[in-house]
file my_file_10.txt (compact mmCIF, C-alpha atoms)
# COMPACT_ATOMS: atom_id res chain seq x y z
CA LEU A 1 -23.16 172.28 -23.61
CA GLN A 2 -24.49 175.42 -21.93
CA ASN A 3 -26.41 173.31 -19.41
CA GLY A 4 -23.23 171.31 -18.73
CA ILE A 5 -21.27 174.47 -18.04
CA LYS A 6 -23.99 175.70 -15.67
CA LEU A 7 -23.94 172.33 -13.87
CA VAL A 8 -20.14 172.48 -13.49
CA ASP A 9 -20.34 176.05 -12.17
CA SER A 10 -23.04 175.00 -9.73
CA LEU A 11 -21.06 171.99 -8.50
CA ALA A 12 -17.88 174.08 -8.19
CA GLY A 13 -19.77 176.71 -6.20
CA ILE A 14 -21.25 174.05 -3.90
CA GLY A 15 -17.79 172.56 -3.45
CA GLN A 16 -16.32 175.95 -2.54
CA GLU A 17 -19.05 176.54 0.05
CA HIS A 18 -18.45 173.13 1.65
CA PHE A 19 -14.68 173.71 1.63
CA GLN A 20 -14.99 177.11 3.32
CA ARG A 21 -17.16 175.53 6.03
CA GLY A 22 -14.54 172.82 6.59
CA ASP A 23 -16.67 170.01 5.17
CA ASN A 24 -13.89 168.61 3.00
CA GLU A 25 -15.61 165.29 2.28
CA ALA A 26 -18.66 167.00 0.77
CA ALA A 27 -16.44 169.47 -1.11
CA LEU A 28 -14.39 166.60 -2.55
CA GLY A 29 -17.59 164.92 -3.75
CA ALA A 30 -18.76 168.09 -5.50
CA PHE A 31 -15.42 168.72 -7.26
CA THR A 32 -15.12 165.06 -8.27
CA GLU A 33 -18.60 165.17 -9.76
CA ALA A 34 -17.80 168.39 -11.63
CA LEU A 35 -14.68 166.78 -13.11
CA LYS A 36 -16.87 164.16 -14.78
CA TYR A 37 -18.24 166.94 -17.00
CA LEU A 38 -15.03 168.98 -17.32
CA PRO A 39 -12.14 166.51 -16.83
CA ARG A 40 -9.47 168.81 -18.30
CA SER A 41 -10.09 171.67 -15.88
CA ALA A 42 -6.88 172.61 -14.06
CA GLN A 43 -8.92 174.65 -11.59
CA LEU A 44 -11.18 171.74 -10.59
CA HIS A 45 -8.21 169.40 -10.18
CA TYR A 46 -6.54 172.05 -8.03
CA LEU A 47 -9.60 172.42 -5.79
CA LYS A 48 -9.92 168.65 -5.50
CA GLY A 49 -6.26 168.48 -4.48
CA LYS A 50 -6.82 171.06 -1.74
CA CYS A 51 -9.63 168.93 -0.31
CA LEU A 52 -7.46 165.82 -0.30
CA SER A 53 -4.65 167.77 1.34
CA GLU A 54 -6.93 169.05 4.10
CA MET A 55 -8.15 165.48 4.66
CA GLY A 56 -4.57 164.28 5.18
CA ARG A 57 -4.51 162.21 2.00
CA VAL A 58 -1.10 163.57 1.07
CA GLU A 59 -0.03 161.19 -1.72
CA ALA A 60 -3.39 161.44 -3.47
CA ALA A 61 -3.27 165.24 -3.16
CA LYS A 62 0.21 165.36 -4.69
CA ASP A 63 -0.97 163.29 -7.66
CA VAL A 64 -3.95 165.58 -8.23
CA PHE A 65 -1.83 168.74 -7.98
CA ARG A 66 0.58 167.28 -10.54
CA ASP A 67 -2.44 166.57 -12.76
CA ALA A 68 -3.59 170.19 -12.39
CA MET A 69 -0.08 171.44 -13.22
CA SER A 70 -0.12 169.52 -16.49
CA ARG A 71 -3.43 170.99 -17.68
CA THR A 72 -2.44 174.63 -18.18
CA PRO A 73 -1.37 175.96 -21.62
CA GLU A 74 2.17 174.89 -22.46
CA HIS A 75 3.44 178.46 -22.91
CA ALA A 76 2.22 179.36 -19.39
CA GLY A 77 4.07 176.60 -17.57
CA PRO A 78 2.59 174.51 -14.73
CA MET A 79 -0.41 175.95 -12.88
CA PRO A 80 1.20 178.22 -10.23
CA GLU A 81 -1.34 177.59 -7.46
CA ALA A 82 -1.07 173.81 -7.87
CA THR A 83 2.71 174.07 -8.04
CA MET A 84 2.79 175.95 -4.73
CA GLN A 85 0.48 173.46 -3.05
CA LEU A 86 2.53 170.51 -4.31
CA CYS A 87 5.74 172.16 -3.08
CA ASN A 88 4.18 172.79 0.33
CA LEU A 89 3.40 169.09 0.63
CA LEU A 90 6.85 168.04 -0.58
CA ILE A 91 8.45 170.35 2.00
CA LYS A 92 6.18 169.41 4.89
CA HIS A 93 5.92 165.67 4.23
CA GLY A 94 9.15 165.05 2.30
CA LYS A 95 10.62 161.62 2.92
CA SER A 96 14.02 162.30 1.38
CA SER A 97 16.20 165.03 -0.12
CA ALA A 98 14.75 164.06 -3.52
CA ASP A 99 11.39 165.51 -2.45
CA ILE A 100 13.04 168.79 -1.40
CA GLU A 101 15.02 168.89 -4.66
CA GLU A 102 11.82 168.39 -6.66
CA ALA A 103 10.15 171.26 -4.81
CA ALA A 104 13.19 173.49 -5.39
CA GLU A 105 13.13 172.78 -9.13
CA TYR A 106 9.45 173.71 -9.43
CA LEU A 107 9.90 176.89 -7.38
CA GLU A 108 12.94 177.95 -9.40
CA LEU A 109 10.86 177.44 -12.55
CA LEU A 110 8.12 179.70 -11.20
CA ILE A 111 10.64 182.46 -10.47
CA ASP A 112 13.12 182.15 -13.33
CA GLY A 113 10.48 181.48 -15.97
CA GLY A 114 8.15 184.13 -14.61
CA THR A 115 5.33 181.59 -14.88
CA TYR A 116 3.97 182.34 -11.41
CA GLN A 117 2.13 185.38 -12.81
CA MET A 118 0.93 183.90 -16.12
CA TYR A 119 -1.91 181.57 -15.20
CA GLN A 120 -3.20 182.42 -11.72
CA THR A 121 -6.93 181.77 -11.96
CA VAL A 122 -8.00 180.56 -8.51
CA GLU A 123 -5.78 182.27 -5.93
CA GLN A 124 -3.19 185.02 -6.09
CA ILE A 125 0.42 184.12 -5.23
CA ASP A 126 2.85 186.61 -3.75
CA ILE A 127 6.37 186.37 -5.12
CA GLU A 128 7.66 186.61 -1.53
CA ASP A 129 5.90 183.34 -0.68
CA ILE A 130 7.59 181.57 -3.60
CA TYR A 131 11.02 182.82 -2.52
CA ASP A 132 10.23 181.82 1.07
CA ARG A 133 9.47 178.20 0.09
CA LEU A 134 12.46 178.07 -2.24
CA ASN A 135 14.82 179.27 0.46
CA ILE A 136 13.46 176.66 2.87
CA CYS A 137 14.39 174.04 0.27
CA LEU A 138 17.82 175.49 -0.49
CA GLU A 139 18.68 175.72 3.21
CA ARG A 140 17.64 172.11 3.83
CA LEU A 141 19.76 171.03 0.87
CA GLY A 142 22.74 172.95 2.24
CA ARG A 143 22.77 175.29 -0.76
CA TYR A 144 23.37 178.37 1.40
CA ASP A 145 25.10 180.44 -1.28
CA ASP A 146 22.23 179.87 -3.72
CA SER A 147 19.75 180.83 -1.02
CA LEU A 148 21.66 184.01 -0.22
CA ASP A 149 21.72 184.99 -3.90
CA ARG A 150 17.95 184.54 -4.11
CA LEU A 151 17.38 186.60 -0.96
CA LEU A 152 19.56 189.43 -2.23
CA THR A 153 17.42 189.53 -5.37
CA LEU A 154 14.26 189.57 -3.26
CA CYS A 155 15.66 192.48 -1.22
CA LYS A 156 15.72 194.52 -4.41
CA LEU A 157 12.11 193.60 -5.18
CA LYS A 158 10.89 194.34 -1.63
CA PRO A 159 13.47 196.71 -0.13
CA ASN A 160 11.43 197.65 2.95
CA SER A 161 10.53 194.16 4.16
CA HIS A 162 11.84 193.54 7.66
CA GLN A 163 11.44 189.77 7.30
CA ILE A 164 13.36 189.57 4.02
CA HIS A 165 16.29 191.58 5.37
CA PHE A 166 16.30 189.41 8.49
CA GLU A 167 16.38 186.18 6.46
CA THR A 168 19.11 187.63 4.24
CA GLY A 169 21.22 188.45 7.29
CA ARG A 170 20.61 185.05 8.83
CA MET A 171 21.61 183.29 5.62
CA ALA A 172 24.68 185.51 5.26
CA ILE A 173 25.80 184.24 8.69
CA LEU A 174 25.48 180.66 7.43
CA CYS A 175 27.56 181.67 4.40
CA LYS A 176 30.14 183.31 6.74
CA GLU A 177 29.52 186.67 5.05
CA TYR A 178 29.49 188.52 8.36
CA ASP A 179 29.79 192.10 7.07
CA LEU A 180 26.87 191.47 4.72
CA ALA A 181 24.92 189.86 7.57
CA LYS A 182 25.54 192.90 9.77
CA GLU A 183 24.30 195.27 7.03
CA HIS A 184 20.98 193.48 6.52
CA LEU A 185 20.34 192.70 10.16
CA GLU A 186 20.98 196.30 11.17
CA TYR A 187 18.41 197.36 8.60
CA ALA A 188 15.94 194.71 9.81
CA VAL A 189 16.35 195.98 13.40
CA SER A 190 15.86 199.57 12.23
CA LEU A 191 12.55 198.53 10.67
CA GLU A 192 11.43 196.51 13.72
CA PRO A 193 13.34 197.76 16.80
CA PHE A 194 11.55 195.36 19.15
CA ASP A 195 12.36 192.19 17.19
CA MET A 196 14.62 190.47 19.72
CA PHE A 197 15.29 187.53 17.40
CA ALA A 198 16.74 189.87 14.77
CA LYS A 199 18.80 191.61 17.47
CA TYR A 200 20.20 188.26 18.60
CA HIS A 201 21.30 187.41 15.05
CA LEU A 202 22.81 190.88 14.67
CA ALA A 203 24.79 190.27 17.87
CA LEU A 204 25.87 186.91 16.45
CA ALA A 205 27.12 188.51 13.22
CA LEU A 206 29.00 191.13 15.23
CA PHE A 207 30.56 188.40 17.39
CA TYR A 208 31.90 186.65 14.30
CA LEU A 209 33.53 189.90 13.11
CA HIS A 210 35.77 189.59 16.22
CA ASP A 211 37.06 193.17 16.39
CA ALA A 212 36.72 195.00 19.72
CA HIS A 213 34.13 197.52 18.48
CA SER A 214 31.91 194.78 17.07
CA LEU A 215 32.16 192.76 20.28
CA ASN A 216 31.08 195.78 22.34
CA GLN A 217 28.15 196.36 20.00
CA ALA A 218 27.17 192.69 20.31
CA LYS A 219 27.22 192.92 24.11
CA ALA A 220 25.01 196.00 23.98
CA TYR A 221 22.39 194.25 21.83
CA LEU A 222 22.45 191.15 24.05
CA ALA A 223 22.06 193.32 27.15
CA GLN A 224 18.91 194.83 25.60
CA ILE A 225 17.46 191.37 25.00
CA LEU A 226 18.39 190.11 28.46
CA GLN A 227 16.60 193.04 30.07
CA SER A 228 13.28 191.60 28.86
CA LYS A 229 14.35 187.93 28.72
CA PRO A 230 16.92 187.52 31.53
CA ASN A 231 17.09 183.72 31.29
CA ASP A 232 17.41 183.42 27.52
CA ASP A 233 19.93 180.57 27.09
CA LYS A 234 21.08 181.55 23.59
CA CYS A 235 21.76 185.15 24.58
CA GLN A 236 23.54 184.17 27.78
CA SER A 237 25.68 181.63 25.94
CA LEU A 238 26.63 184.16 23.27
CA MET A 239 27.47 186.76 25.92
CA ALA A 240 29.74 184.20 27.61
CA LYS A 241 31.43 183.47 24.27
CA ILE A 242 32.12 187.17 23.80
CA TYR A 243 33.74 187.38 27.23
CA ILE A 244 35.83 184.32 26.36
CA GLN A 245 36.85 185.99 23.09
CA GLU A 246 38.00 188.92 25.23
CA ASN A 247 39.77 186.50 27.60
CA GLU A 248 37.45 187.58 30.43
CA TRP A 249 36.93 184.11 31.90
CA THR A 250 35.62 185.36 35.26
CA GLN A 251 32.65 187.07 33.58
CA ALA A 252 32.04 184.00 31.38
CA LEU A 253 32.06 181.75 34.45
CA ALA A 254 29.58 184.03 36.20
CA ILE A 255 27.16 183.71 33.28
CA TYR A 256 27.50 179.91 33.15
CA GLN A 257 26.90 179.69 36.91
CA GLU A 258 23.84 181.91 36.59
CA MET A 259 22.49 179.65 33.85
CA LYS A 260 23.13 176.59 36.03
CA SER A 261 21.46 178.21 39.02
CA HIS A 262 18.34 179.00 37.00
CA LYS A 263 18.11 175.46 35.63
CA SER A 264 18.76 173.92 39.05
CA SER A 265 15.90 175.94 40.56
CA SER A 266 13.47 174.75 37.89
CA ALA A 267 11.85 171.42 38.74
CA SER A 268 11.23 170.63 35.06
CA THR A 269 14.74 171.44 33.80
CA GLN A 270 17.98 169.50 34.22
CA VAL A 271 21.39 171.11 34.03
CA ALA A 272 22.72 170.27 30.57
CA PRO A 273 25.96 168.26 30.65
CA TYR A 274 27.55 170.61 28.13
CA LEU A 275 26.86 173.61 30.37
CA GLN A 276 28.58 171.84 33.26
CA TYR A 277 31.51 171.09 30.93
CA GLN A 278 31.74 174.80 30.01
CA ILE A 279 31.89 175.65 33.71
CA GLY A 280 34.77 173.21 34.10
CA VAL A 281 36.62 174.78 31.18
CA ALA A 282 36.19 178.24 32.71
CA TYR A 283 37.62 177.00 36.03
CA GLU A 284 40.53 175.48 34.11
CA HIS A 285 41.39 178.79 32.45
CA LEU A 286 41.22 180.50 35.84
CA ASP A 287 43.71 177.92 37.26
CA ARG A 288 41.12 176.62 39.74
CA GLU A 289 42.04 172.98 39.23
CA SER A 290 40.06 171.31 42.02
CA GLU A 291 36.83 173.06 40.95
CA CYS A 292 37.59 172.19 37.31
CA ILE A 293 37.93 168.49 38.20
CA ALA A 294 34.73 168.59 40.29
CA ALA A 295 32.79 170.13 37.38
CA PHE A 296 34.13 167.52 34.95
CA GLU A 297 33.22 164.76 37.44
CA ASP A 298 29.64 166.05 37.54
CA VAL A 299 29.50 165.91 33.73
CA ALA A 300 30.96 162.40 33.68
CA GLN A 301 28.47 161.16 36.30
CA THR A 302 25.59 162.43 34.17
CA TRP A 303 27.01 160.89 31.01
CA LEU A 304 27.54 157.56 32.75
CA GLN A 305 23.89 157.43 33.84
CA TYR A 306 22.65 158.05 30.29
CA VAL A 307 25.16 155.70 28.67
CA LYS A 308 24.17 152.88 31.02
CA GLN A 309 20.54 153.38 29.97
CA ILE A 310 20.88 153.63 26.19
CA GLY A 311 24.51 152.89 25.29
CA PHE A 312 27.48 155.05 24.34
CA ASP A 313 26.82 155.28 20.60
CA LYS A 314 23.12 156.09 20.90
CA TYR A 315 23.71 158.82 23.45
CA PHE A 316 26.56 160.64 21.73
CA PHE A 317 25.47 160.08 18.10
CA ASN A 318 23.23 163.18 17.90
CA ARG A 319 25.21 165.21 20.44
CA PRO A 320 28.38 166.28 18.60
CA LYS A 321 29.29 169.02 21.09
CA GLU A 322 29.08 166.62 24.01
CA ALA A 323 31.03 163.95 22.10
CA LYS A 324 33.80 166.48 21.53
CA ALA A 325 33.65 167.51 25.20
CA PHE A 326 34.01 163.85 26.22
CA GLN A 327 37.10 163.50 24.02
CA LYS A 328 38.64 166.64 25.51
CA ILE A 329 38.09 165.48 29.09
CA GLN A 330 39.47 162.08 28.10
CA ALA A 331 42.61 163.79 26.75
CA ARG A 332 43.00 165.78 29.97
CA CYS A 333 42.73 162.57 32.01
CA GLU A 334 45.48 160.99 29.93
CA GLN A 335 47.71 164.00 30.60
CA HIS A 336 47.16 163.66 34.36
CA LEU A 337 47.01 159.86 34.50
CA LEU A 338 49.44 159.49 37.44
CA GLU A 339 48.04 162.34 39.54
CA PRO A 340 45.89 161.07 42.47
CA HIS A 341 43.34 163.91 42.41
CA TRP A 342 42.49 163.06 38.78
CA LYS A 343 41.98 159.35 39.55
CA HIS A 344 38.21 159.39 40.17
CA LEU A 345 37.51 161.41 37.02
CA ASN A 346 39.72 159.08 35.00
CA GLU A 347 37.78 156.06 36.32
CA LEU A 348 34.47 157.66 35.37
CA ILE A 349 35.68 158.40 31.83
CA LEU A 350 36.95 154.83 31.46
CA SER A 351 33.58 153.51 32.67
CA ILE A 352 31.75 155.63 30.10
CA GLY A 353 33.98 154.33 27.30
CA MET A 354 33.49 150.72 28.40
CA ALA A 355 29.72 151.17 28.64

call {"tool": "encode", "arguments": {"input": "my_file_10.txt", "output": "structure tokens"}}
result
Amino acid sequence: LQNGIKLVDSLAGIGQEHFQRGDNEAALGAFTEALKYLPRSAQLHYLKGKCLSEMGRVEAAKDVFRDAMSRTPEHAGPMPEATMQLCNLLIKHGKSSADIEEAAEYLELLIDGGTYQMYQTVEQIDIEDIYDRLNICLERLGRYDDSLDRLLTLCKLKPNSHQIHFETGRMAILCKEYDLAKEHLEYAVSLEPFDMFAKYHLALALFYLHDAHSLNQAKAYLAQILQSKPNDDKCQSLMAKIYIQENEWTQALAIYQEMKSHKSSSASTQVAPYLQYQIGVAYEHLDRESECIAAFEDVAQTWLQYVKQIGFDKYFFNRPKEAKAFQKIQARCEQHLLEPHWKHLNELILSIGMA
């Protein structure tokens, strides 16, 4: 028996050395051989699963991780390291929502049952990593409120984590809890003043609060970002939305035109149809009808080219904003059906619908 244990230890050590060098095939051979002498070892099954995962043998790895999970003492729950590895594979290679739901169930068990800290024998797991994977699952499943509740709990466990406060604020936006989002994003920015992504989300939360003070704060944060990233589309678009909220259509139009100019000057970038539509809407609100029609005609020409290539349904299926824009232009054409200067645009819209 003692010689058998020494042999297993030797094989496991050899396997670990091969694995650390990236020789997964040799490591797999060593762990498989060790399992012949100690077939109930959760640790050896776990290490074998890691080899299979690194080799891209995902389904086999999942089976081995499940095997490892079943070999820990019943009172301790499934092996935490194997559970995390299985959940990583389910998240990364999930083929359906059922895979994400399975991962969420295991991760909730680790947290709610406290089993993540009971039987860690190979690698240490940080509670933050478990919450991170769980929140990925909950967000994908559309369970935003559940995710926010989990993040608020994690904030109490790790109150000075910039990343956790940022994720809490971002999730609060998805839950339309804008005051809560502002609170956590402001704290995240105070911890990492140069995190422009956090500043953008703070500006977004402030925009959704709608009051004049919040809108001015949002513009100030966006101006800071645009100083270092002057052509950031998301920031420019949000700034334009703020001006629209304030009924300042001239400033919004200027931003859209600047965005168009930048894209037009880039050989690798086309002007997005939706951006051209937004320009048309701005002209419309400024009572510049001929320029509004010209902008809408440019959009329609672009749509017609794409629709002729791949069909109406295929083009608009994954472009909900553009589909809505098409419907709005269509409605405008119907309102101006008998007006000669709308005739060409109306013909283009009809051609797109027929295509």

call {"tool": "residues_around", "arguments": {"input": "my_file_10.txt", "residues": "A:Val281", "least_positions_apart": "5", "cutoff": "12 Å", "atoms": "only C-alpha atoms", "output": "VMD selection string"}}
result
chain A and resid 244 249 to 250 252 to 253 256 274 to 276 286 to 296 299 325 328 to 329 332

call {"tool": "residues_around", "arguments": {"input": "my_file_10.txt", "residues": "stretch 56-71 of chain A", "least_positions_apart": "4", "cutoff": "12 Å", "atoms": "all atoms listed in the file", "output": "JSON, numbers by chain"}}
result
{"A": [24, 25, 28, 31, 32, 35, 38, 39, 40, 41, 42, 43, 44, 45, 46, 47, 48, 49, 50, 51, 52, 75, 76, 77, 78, 79, 80, 81, 82, 83, 84, 85, 86, 87, 88, 89, 90, 91, 92, 93, 94, 95, 99, 102, 103, 106, 110, 115, 116, 119, 120, 122]}

call {"tool": "closest_residue", "arguments": {"input": "my_file_10.txt", "among": "A:Ser214, A:Ser237, A:Thr121, A:Ser97", "to": "A:Leu138", "atoms": "only C-alpha atoms"}}
result
A:Ser97

call {"tool": "closest_atom_pairs", "arguments": {"input": "my_file_10.txt", "of": "stretch 241-296 of chain A", "to": "stretch 205-209 of chain A", "cutoff": "10 Å", "atoms": "all atoms listed in the file", "output": "Markdown table"}}
result
| residue | atom | partner | partner_atom | distance |
| --- | --- | --- | --- | --- |
| A:Lys241 | CA | A:Phe207 | CA | 8.5 |
| A:Ile242 | CA | A:Phe207 | CA | 6.7 |
| A:Gln245 | CA | A:Phe207 | CA | 8.8 |

call {"tool": "closest_residue", "arguments": {"input": "my_file_10.txt", "among": "A:Gln217, A:Thr168, A:Ser228, A:Ser96", "to": "A:Asp132", "atoms": "all atoms listed in the file"}}
result
A:Thr168

call {"tool": "closest_residue", "arguments": {"input": "my_file_10.txt", "among": "A:Gln251, A:Asn160, A:Gln327, A:Asn318", "to": "A:His184", "atoms": "all atoms listed in the file"}}
result
A:Asn160

call {"tool": "residues_around", "arguments": {"input": "my_file_10.txt", "residues": "A:Ala300", "least_positions_apart": "5", "cutoff": "10 Å", "atoms": "all atoms listed in the file", "output": "list of chain:residue names"}}
result
A:Pro273, A:Gln276, A:Tyr277, A:Ala294, A:Ala295, A:Gln305, A:Tyr306, A:Phe326, A:Ile329, A:Leu345, A:Asn346, A:Glu347, A:Leu348, A:Ile349, A:Leu350, A:Ser351, A:Ile352

call {"tool": "closest_residue", "arguments": {"input": "my_file_10.txt", "among": "A:Glu105, A:Glu167, A:Asp149, A:Glu123", "to": "A:Cys137", "atoms": "only C-alpha atoms"}}
result
A:Glu105

call {"tool": "atom_distance", "arguments": {"input": "my_file_10.txt", "atom1": "atom CA of A:Ser190", "atom2": "atom CA of A:Leu202"}}
result
11.4 Å

call {"tool": "axis_aligned_box", "arguments": {"input": "my_file_10.txt", "around": "stretch 62-77 of chain A", "padding_each_side": "8 Å", "output": "AutoDock Vina command-line options"}}
result
--center_x 0.1 --center_y 171.3 --center_z -13.8 --size_x 24.0 --size_y 32.1 --size_z 34.2

call {"tool": "closest_residue", "arguments": {"input": "my_file_10.txt", "among": "A:Tyr221, A:Pro159, A:Ser10, A:Gln301", "to": "A:Val189", "atoms": "all atoms listed in the file"}}
result
A:Tyr221

call {"tool": "closest_residue", "arguments": {"input": "my_file_10.txt", "among": "A:Ile125, A:Ala220, A:Leu338, A:Leu215", "to": "A:Lys199", "atoms": "only C-alpha atoms"}}
result
A:Ala220

call {"tool": "atom_distance", "arguments": {"input": "my_file_10.txt", "atom1": "atom CA of A:Glu128", "atom2": "atom CA of A:Leu154"}}
result
7.4 Å

call {"tool": "atom_distance", "arguments": {"input": "my_file_10.txt", "atom1": "atom CA of A:Glu108", "atom2": "atom CA of A:Leu174"}}
result
21.2 Å
